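Novice: Handing over entry12.pdb, PDB, C-alpha atoms and all ligand atoms.
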```pdb
ATOM      1  CA  MET A   1     -35.387  51.108 -12.135
ATOM      2  CA  SER A   2     -32.605  51.765  -9.634
ATOM      3  CA  ALA A   3     -33.365  53.266  -6.250
ATOM      4  CA  GLY A   4     -31.523  56.434  -7.283
ATOM      5  CA  GLU A   5     -34.017  57.025 -10.100
ATOM      6  CA  CYS A   6     -37.136  56.209  -8.100
ATOM      7  CA  ILE A   7     -38.993  59.228  -6.741
ATOM      8  CA  PHE A   8     -40.390  57.370  -3.737
ATOM      9  CA  CYS A   9     -36.962  55.901  -2.858
ATOM     10  CA  ARG A  10     -35.699  59.485  -2.924
ATOM     11  CA  ILE A  11     -38.509  60.535  -0.576
ATOM     12  CA  VAL A  12     -37.684  57.598   1.741
ATOM     13  CA  SER A  13     -34.008  58.657   1.855
ATOM     14  CA  GLY A  14     -34.952  62.288   2.499
ATOM     15  CA  GLU A  15     -33.398  63.510  -0.758
ATOM     16  CA  ILE A  16     -36.819  64.809  -1.876
ATOM     17  CA  PRO A  17     -39.073  66.493   0.702
ATOM     18  CA  ALA A  18     -42.501  65.148   1.563
ATOM     19  CA  ARG A  19     -45.058  65.941   4.258
ATOM     20  CA  ARG A  20     -44.569  62.804   6.343
ATOM     21  CA  VAL A  21     -47.279  61.695   8.717
ATOM     22  CA  LEU A  22     -45.805  58.302   9.726
ATOM     23  CA  GLU A  23     -42.430  56.550   9.808
ATOM     24  CA  THR A  24     -41.767  52.990  10.987
ATOM     25  CA  ASP A  25     -38.891  50.517  10.501
ATOM     26  CA  ASN A  26     -40.101  49.510   7.043
ATOM     27  CA  CYS A  27     -42.606  52.082   5.782
ATOM     28  CA  ILE A  28     -43.506  55.738   5.642
ATOM     29  CA  ALA A  29     -46.693  57.640   4.865
ATOM     30  CA  PHE A  30     -46.895  61.145   3.471
ATOM     31  CA  LEU A  31     -49.374  63.534   1.867
ATOM     32  CA  ASP A  32     -49.928  63.011  -1.854
ATOM     33  CA  VAL A  33     -48.633  66.041  -3.757
ATOM     34  CA  SER A  34     -51.671  66.011  -6.116
ATOM     35  CA  PRO A  35     -54.450  64.851  -3.796
ATOM     36  CA  LEU A  36     -57.859  63.629  -4.913
ATOM     37  CA  ALA A  37     -59.093  65.183  -1.664
ATOM     38  CA  PRO A  38     -57.349  67.112   1.142
ATOM     39  CA  GLY A  39     -55.651  64.575   3.426
ATOM     40  CA  HIS A  40     -55.018  62.015   0.648
ATOM     41  CA  CYS A  41     -51.938  60.077   1.821
ATOM     42  CA  LEU A  42     -49.643  57.425   0.395
ATOM     43  CA  LEU A  43     -48.347  54.503   2.485
ATOM     44  CA  VAL A  44     -45.039  53.328   1.017
ATOM     45  CA  PRO A  45     -42.511  50.593   1.894
ATOM     46  CA  LYS A  46     -38.978  51.846   2.571
ATOM     47  CA  GLY A  47     -37.578  49.116   0.320
ATOM     48  CA  HIS A  48     -38.082  49.380  -3.425
ATOM     49  CA  PHE A  49     -40.657  46.965  -4.851
ATOM     50  CA  ASP A  50     -42.383  47.559  -8.188
ATOM     51  CA  SER A  51     -45.306  45.343  -7.210
ATOM     52  CA  LEU A  52     -47.048  44.211  -4.036
ATOM     53  CA  ALA A  53     -46.558  40.687  -5.388
ATOM     54  CA  GLN A  54     -42.773  41.072  -4.942
ATOM     55  CA  MET A  55     -43.089  41.783  -1.224
ATOM     56  CA  SER A  56     -42.825  39.152   1.486
ATOM     57  CA  ALA A  57     -45.944  38.554   3.561
ATOM     58  CA  GLU A  58     -44.018  39.834   6.582
ATOM     59  CA  VAL A  59     -42.970  43.170   5.072
ATOM     60  CA  ALA A  60     -46.294  43.762   3.279
ATOM     61  CA  GLY A  61     -48.227  42.703   6.374
ATOM     62  CA  SER A  62     -46.247  45.044   8.593
ATOM     63  CA  MET A  63     -46.856  47.980   6.236
ATOM     64  CA  LEU A  64     -50.560  47.243   5.741
ATOM     65  CA  SER A  65     -51.071  46.860   9.492
ATOM     66  CA  TYR A  66     -50.879  50.669   9.720
ATOM     67  CA  LEU A  67     -53.929  51.173   7.481
ATOM     68  CA  PRO A  68     -56.531  51.184  10.299
ATOM     69  CA  ALA A  69     -54.700  53.853  12.320
ATOM     70  CA  LEU A  70     -53.827  55.878   9.222
ATOM     71  CA  GLY A  71     -57.399  55.804   7.903
ATOM     72  CA  LYS A  72     -58.753  56.785  11.324
ATOM     73  CA  ALA A  73     -56.299  59.689  11.680
ATOM     74  CA  ILE A  74     -57.016  60.983   8.160
ATOM     75  CA  VAL A  75     -60.780  60.832   8.711
ATOM     76  CA  ALA A  76     -60.426  62.676  12.032
ATOM     77  CA  ALA A  77     -58.153  65.352  10.549
ATOM     78  CA  THR A  78     -60.417  66.009   7.579
ATOM     79  CA  GLN A  79     -63.835  65.476   9.205
ATOM     80  CA  ALA A  80     -64.451  62.905   6.481
ATOM     81  CA  ASP A  81     -67.305  60.391   6.400
ATOM     82  CA  GLY A  82     -65.159  57.483   5.198
ATOM     83  CA  PHE A  83     -62.079  56.607   3.176
ATOM     84  CA  ASN A  84     -60.975  54.576   0.185
ATOM     85  CA  VAL A  85     -57.883  52.339   0.194
ATOM     86  CA  LEU A  86     -56.485  51.918  -3.313
ATOM     87  CA  LEU A  87     -53.389  50.225  -4.680
ATOM     88  CA  ASN A  88     -52.719  50.554  -8.407
ATOM     89  CA  ASP A  89     -50.459  47.574  -9.209
ATOM     90  CA  GLY A  90     -49.066  47.613 -12.747
ATOM     91  CA  LYS A  91     -49.383  50.052 -15.607
ATOM     92  CA  ALA A  92     -52.652  48.463 -16.753
ATOM     93  CA  ALA A  93     -54.078  49.143 -13.294
ATOM     94  CA  GLY A  94     -53.125  52.808 -13.426
ATOM     95  CA  GLN A  95     -49.787  52.647 -11.587
ATOM     96  CA  VAL A  96     -47.640  55.614 -12.566
ATOM     97  CA  VAL A  97     -44.929  55.520  -9.881
ATOM     98  CA  PRO A  98     -43.287  52.070 -10.009
ATOM     99  CA  HIS A  99     -42.725  51.797  -6.247
ATOM    100  CA  VAL A 100     -45.521  50.145  -4.272
ATOM    101  CA  HIS A 101     -47.826  52.679  -2.635
ATOM    102  CA  VAL A 102     -51.233  52.499  -1.032
ATOM    103  CA  HIS A 103     -53.538  55.480  -1.504
ATOM    104  CA  VAL A 104     -55.680  56.380   1.504
ATOM    105  CA  ILE A 105     -58.287  58.884   0.335
ATOM    106  CA  PRO A 106     -60.762  60.569   2.677
ATOM    107  CA  ARG A 107     -64.337  60.700   1.394
ATOM    108  CA  LYS A 108     -67.265  62.935   2.177
ATOM    109  CA  GLU A 109     -70.905  62.332   1.345
ATOM    110  CA  GLY A 110     -71.607  63.757  -2.115
ATOM    111  CA  ASP A 111     -67.949  64.626  -2.820
ATOM    112  CA  GLY A 112     -68.352  63.473  -6.428
ATOM    113  CA  LEU A 113     -65.201  61.327  -6.370
ATOM    114  CA  GLY A 114     -65.580  57.860  -7.802
ATOM    115  CA  TYR A 115     -64.426  55.469 -10.435
ATOM    116  CA  ARG A 116     -65.933  53.333 -13.173
ATOM    117  CA  TRP A 117     -67.349  50.117 -11.750
ATOM    118  CA  HIS A 118     -69.077  48.106 -14.438
ATOM    119  CA  PRO A 119     -69.796  44.581 -13.143
ATOM    120  CA  GLN A 120     -69.825  41.799 -15.720
ATOM    121  CA  ALA A 121     -72.111  38.769 -15.832
ATOM    122  CA  LEU A 122     -70.587  35.700 -14.154
ATOM    123  CA  ASP A 123     -70.069  32.679 -16.434
ATOM    124  CA  ASP A 124     -70.387  29.617 -14.158
ATOM    125  CA  ALA A 125     -67.940  27.351 -16.030
ATOM    126  CA  ALA A 126     -65.339  30.094 -16.382
ATOM    127  CA  ALA A 127     -65.738  31.061 -12.726
ATOM    128  CA  ASP A 128     -65.256  27.422 -11.623
ATOM    129  CA  ALA A 129     -62.059  27.185 -13.716
ATOM    130  CA  LEU A 130     -60.788  30.471 -12.336
ATOM    131  CA  ARG A 131     -61.531  29.412  -8.779
ATOM    132  CA  ARG A 132     -59.462  26.241  -9.286
ATOM    133  CA  SER A 133     -56.638  28.128 -10.981
ATOM    134  CA  ILE A 134     -56.367  30.812  -8.289
ATOM    135  CA  GLU A 135     -56.605  28.226  -5.532
ATOM    136  CA  ALA A 136     -53.773  26.257  -7.182
ATOM    137  CA  GLY A 137     -51.717  29.450  -7.486
ATOM    138  CA  LEU A 138     -52.082  29.882  -3.729
ATOM    139  CA  GLY A 139     -50.720  26.381  -3.267
ATOM    140  CA  GLY A 140     -54.103  24.874  -2.328
TER     141      GLY A 140
HETATM  142  P1  LIG A 201     -50.260  55.930  -8.999
HETATM  143  O1  LIG A 201     -51.046  56.404 -10.189
HETATM  144  O2  LIG A 201     -51.030  54.942  -8.165
HETATM  145  O3  LIG A 201     -48.876  55.434  -9.377
HETATM  146  O4  LIG A 201     -50.117  57.211  -8.069
HETATM  147  C1  LIG A 201     -48.923  57.933  -7.906
HETATM  148  C2  LIG A 201     -49.232  59.034  -6.917
HETATM  149  O5  LIG A 201     -48.009  59.591  -6.468
HETATM  150  C3  LIG A 201     -50.061  60.185  -7.505
HETATM  151  O6  LIG A 201     -51.254  60.342  -6.725
HETATM  152  C4  LIG A 201     -49.143  61.383  -7.385
HETATM  153  O7  LIG A 201     -49.818  62.573  -7.083
HETATM  154  C5  LIG A 201     -48.211  60.955  -6.248
HETATM  155  N1  LIG A 201     -46.899  61.586  -6.255
HETATM  156  C6  LIG A 201     -46.016  61.634  -7.277
HETATM  157  N2  LIG A 201     -44.894  62.307  -6.913
HETATM  158  C7  LIG A 201     -45.080  62.658  -5.604
HETATM  159  C8  LIG A 201     -44.288  63.376  -4.659
HETATM  160  N3  LIG A 201     -43.069  63.858  -4.968
HETATM  161  N4  LIG A 201     -44.786  63.565  -3.412
HETATM  162  C9  LIG A 201     -46.027  63.102  -3.094
HETATM  163  N5  LIG A 201     -46.812  62.418  -3.936
HETATM  164  C10 LIG A 201     -46.354  62.206  -5.184
HETATM  165 ZN    ZN A 202     -38.361  53.046  -5.170
END
```
Show how you would write the structure in this file as structure tokens.

Specialist:
Amino acid sequence: MSAGECIFCRIVSGEIPARRVLETDNCIAFLDVSPLAPGHCLLVPKGHFDSLAQMSAEVAGSMLSYLPALGKAIVAATQADGFNVLLNDGKAAGQVVPHVHVHVIPRKEGDGLGYRWHPQALDDAAADALRRSIEAGLGG
């Protein structure tokens, strides 16, 4: 997808309006247009990346370093009791907009929001193999 076709690139450039709460050298944050709760924001890199895995540690790290302050400000503004940080990476993970974005969603006790979380039994041999494989993928 070219930047001209990407809705979040168009928000970054100012072509499409958004209710911005933060702008830095390499990221912006703005209110989600269809929030799961009032105050739901998206933290977005200015550069176009489909996946977090395409971003350098420096650029991703800089963007993600704003999460503590953003979460704190959202909780204060909404009198929330907590917040969720969510990144849907890939269609299978629920990503609809193919430009990296981190959801920051304020939560209140008993708000009824949630998601399916069905833990599976851990197979020891499979887990050992996976541990080795992931460690090798990290260059260990
Ligand atoms: P995801 O399913 O993780 O790709 O989430 C995409 C999010 O982008 C959804 O929560 C949408 O409500 C939000 N969204 C889409 N278009 C806009 C827009 N123009 N301004 C603000 N948020 C948007
Ligand atoms: Zn984009």

Novice: Could you give me, as CSV, every chain A residue with an atom at most 7 Å from ligand LIG 201 (chain A), plus its closest atom pair and distance in Å to one decimal, counting all atoms listed in the file, rows ordered by chain then number?

Specialist:
```
residue,atom,partner,partner_atom,distance
A:Ile7,CA,A:LIG201,N3,6.4
A:Ala18,CA,A:LIG201,N4,5.7
A:Phe30,CA,A:LIG201,C9,6.9
A:Leu31,CA,A:LIG201,C9,6.0
A:Asp32,CA,A:LIG201,N5,3.8
A:Val33,CA,A:LIG201,C9,4.0
A:Ser34,CA,A:LIG201,O7,4.0
A:Pro35,CA,A:LIG201,O7,6.1
A:Leu87,CA,A:LIG201,O2,6.3
A:Asn88,CA,A:LIG201,O2,4.7
A:Gly94,CA,A:LIG201,O1,5.3
A:Gln95,CA,A:LIG201,O3,3.7
A:Val96,CA,A:LIG201,O3,3.4
A:Val97,CA,A:LIG201,O3,4.0
A:Pro98,CA,A:LIG201,O3,6.6
A:His101,CA,A:LIG201,O2,6.8
```

Novice: For a test of reading the model, state the distance in Å between atom CA of A:Tyr66 and atom CA of A:Leu43, rounded to one decimal.

Specialist: 8.6 Å

Novice: The PyMOL selection byres (((chain A and resi 108) around 8) and not hetatm) - which residues does that actually catch in the file I just gave you? List them as a CSV table (one decimal) with C-alpha atoms, in the frame of the given file.

Specialist:
```csv
chain,number,residue,atom,x,y,z
A,80,ALA,CA,-64.5,62.9,6.5
A,81,ASP,CA,-67.3,60.4,6.4
A,82,GLY,CA,-65.2,57.5,5.2
A,106,PRO,CA,-60.8,60.6,2.7
A,107,ARG,CA,-64.3,60.7,1.4
A,109,GLU,CA,-70.9,62.3,1.3
A,110,GLY,CA,-71.6,63.8,-2.1
A,111,ASP,CA,-67.9,64.6,-2.8
```

Novice: Counting all atoms listed in the file, what are the residues, protein, DNA or RNA alike, that approach ligand ZN 202 (chain A) to within 6 Å? I want them as a tab-separated table (two decimals) with C-alpha atoms, keeping the file's coordinate frame.

Specialist:
```tsv
chain	number	residue	atom	x	y	z
A	3	ALA	CA	-33.36	53.27	-6.25
A	6	CYS	CA	-37.14	56.21	-8.10
A	8	PHE	CA	-40.39	57.37	-3.74
A	9	CYS	CA	-36.96	55.90	-2.86
A	48	HIS	CA	-38.08	49.38	-3.42
A	99	HIS	CA	-42.72	51.80	-6.25
```

Novice: Got a sec to resolve the PyMOL selection byres (((chain A and resi 72-75) around 12) and not hetatm) on this structure and send the residues as a count of residues only?

Specialist: 33

Novice: Using only the atoms of stretch 17-24 of chain A listed in the file, plus 3 Å on each side, state the axis-aligned box centre and edge lengths in Å rounded to one decimal, as AutoDock Vina command-line options.

Specialist:
```
--center_x -43.2 --center_y 59.7 --center_z 5.8 --size_x 14.2 --size_y 19.5 --size_z 16.3
```

Novice: One decimal, Å: what's the distance from atom CA of A:Asp25 over to atom CA of A:Gly4, could you say?

Specialist: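 Answer for the atom CA of A:Asp25 to atom CA of A:Gly4 separation: 20.1 Å.
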
Novice: Do you have the atom CA of A:Pro119-atom CA of A:Ile134 distance handy?

Specialist: 19.8 Å

Novice: What's around A:Ser51 at 8 Å? Count only C-alpha atoms, leave out sequence neighbours fewer than 2 positions away in its own chain, and write the answer as a PyMOL selection string.

Specialist: chain A and resi 49+53-55+89-90+98-100

Novice: Could you save the residues just selected, with C-alpha atoms, as a CSV table (one decimal), in the frame of the given file?

Specialist:
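selection_3.csv was written with the following content:
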```csv
chain,number,residue,atom,x,y,z
A,49,PHE,CA,-40.7,47.0,-4.9
A,53,ALA,CA,-46.6,40.7,-5.4
A,54,GLN,CA,-42.8,41.1,-4.9
A,55,MET,CA,-43.1,41.8,-1.2
A,89,ASP,CA,-50.5,47.6,-9.2
A,90,GLY,CA,-49.1,47.6,-12.7
A,98,PRO,CA,-43.3,52.1,-10.0
A,99,HIS,CA,-42.7,51.8,-6.2
A,100,VAL,CA,-45.5,50.1,-4.3
```

Novice: Evaluate the PyMOL selection byres (((chain A and resi 45) around 7) and not hetatm) here and jot the selected residues down as a PyMOL selection string.

Specialist: chain A and resi 26-28+44+46-47+63+100

Novice: Which is closer to A:Val102 than all the others in A:Leu52, A:Ala125, A:Ala57, A:Leu138, using all atoms listed in the file?

Specialist: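 Smallest separation from A:Val102 among the options: A:Leu52.
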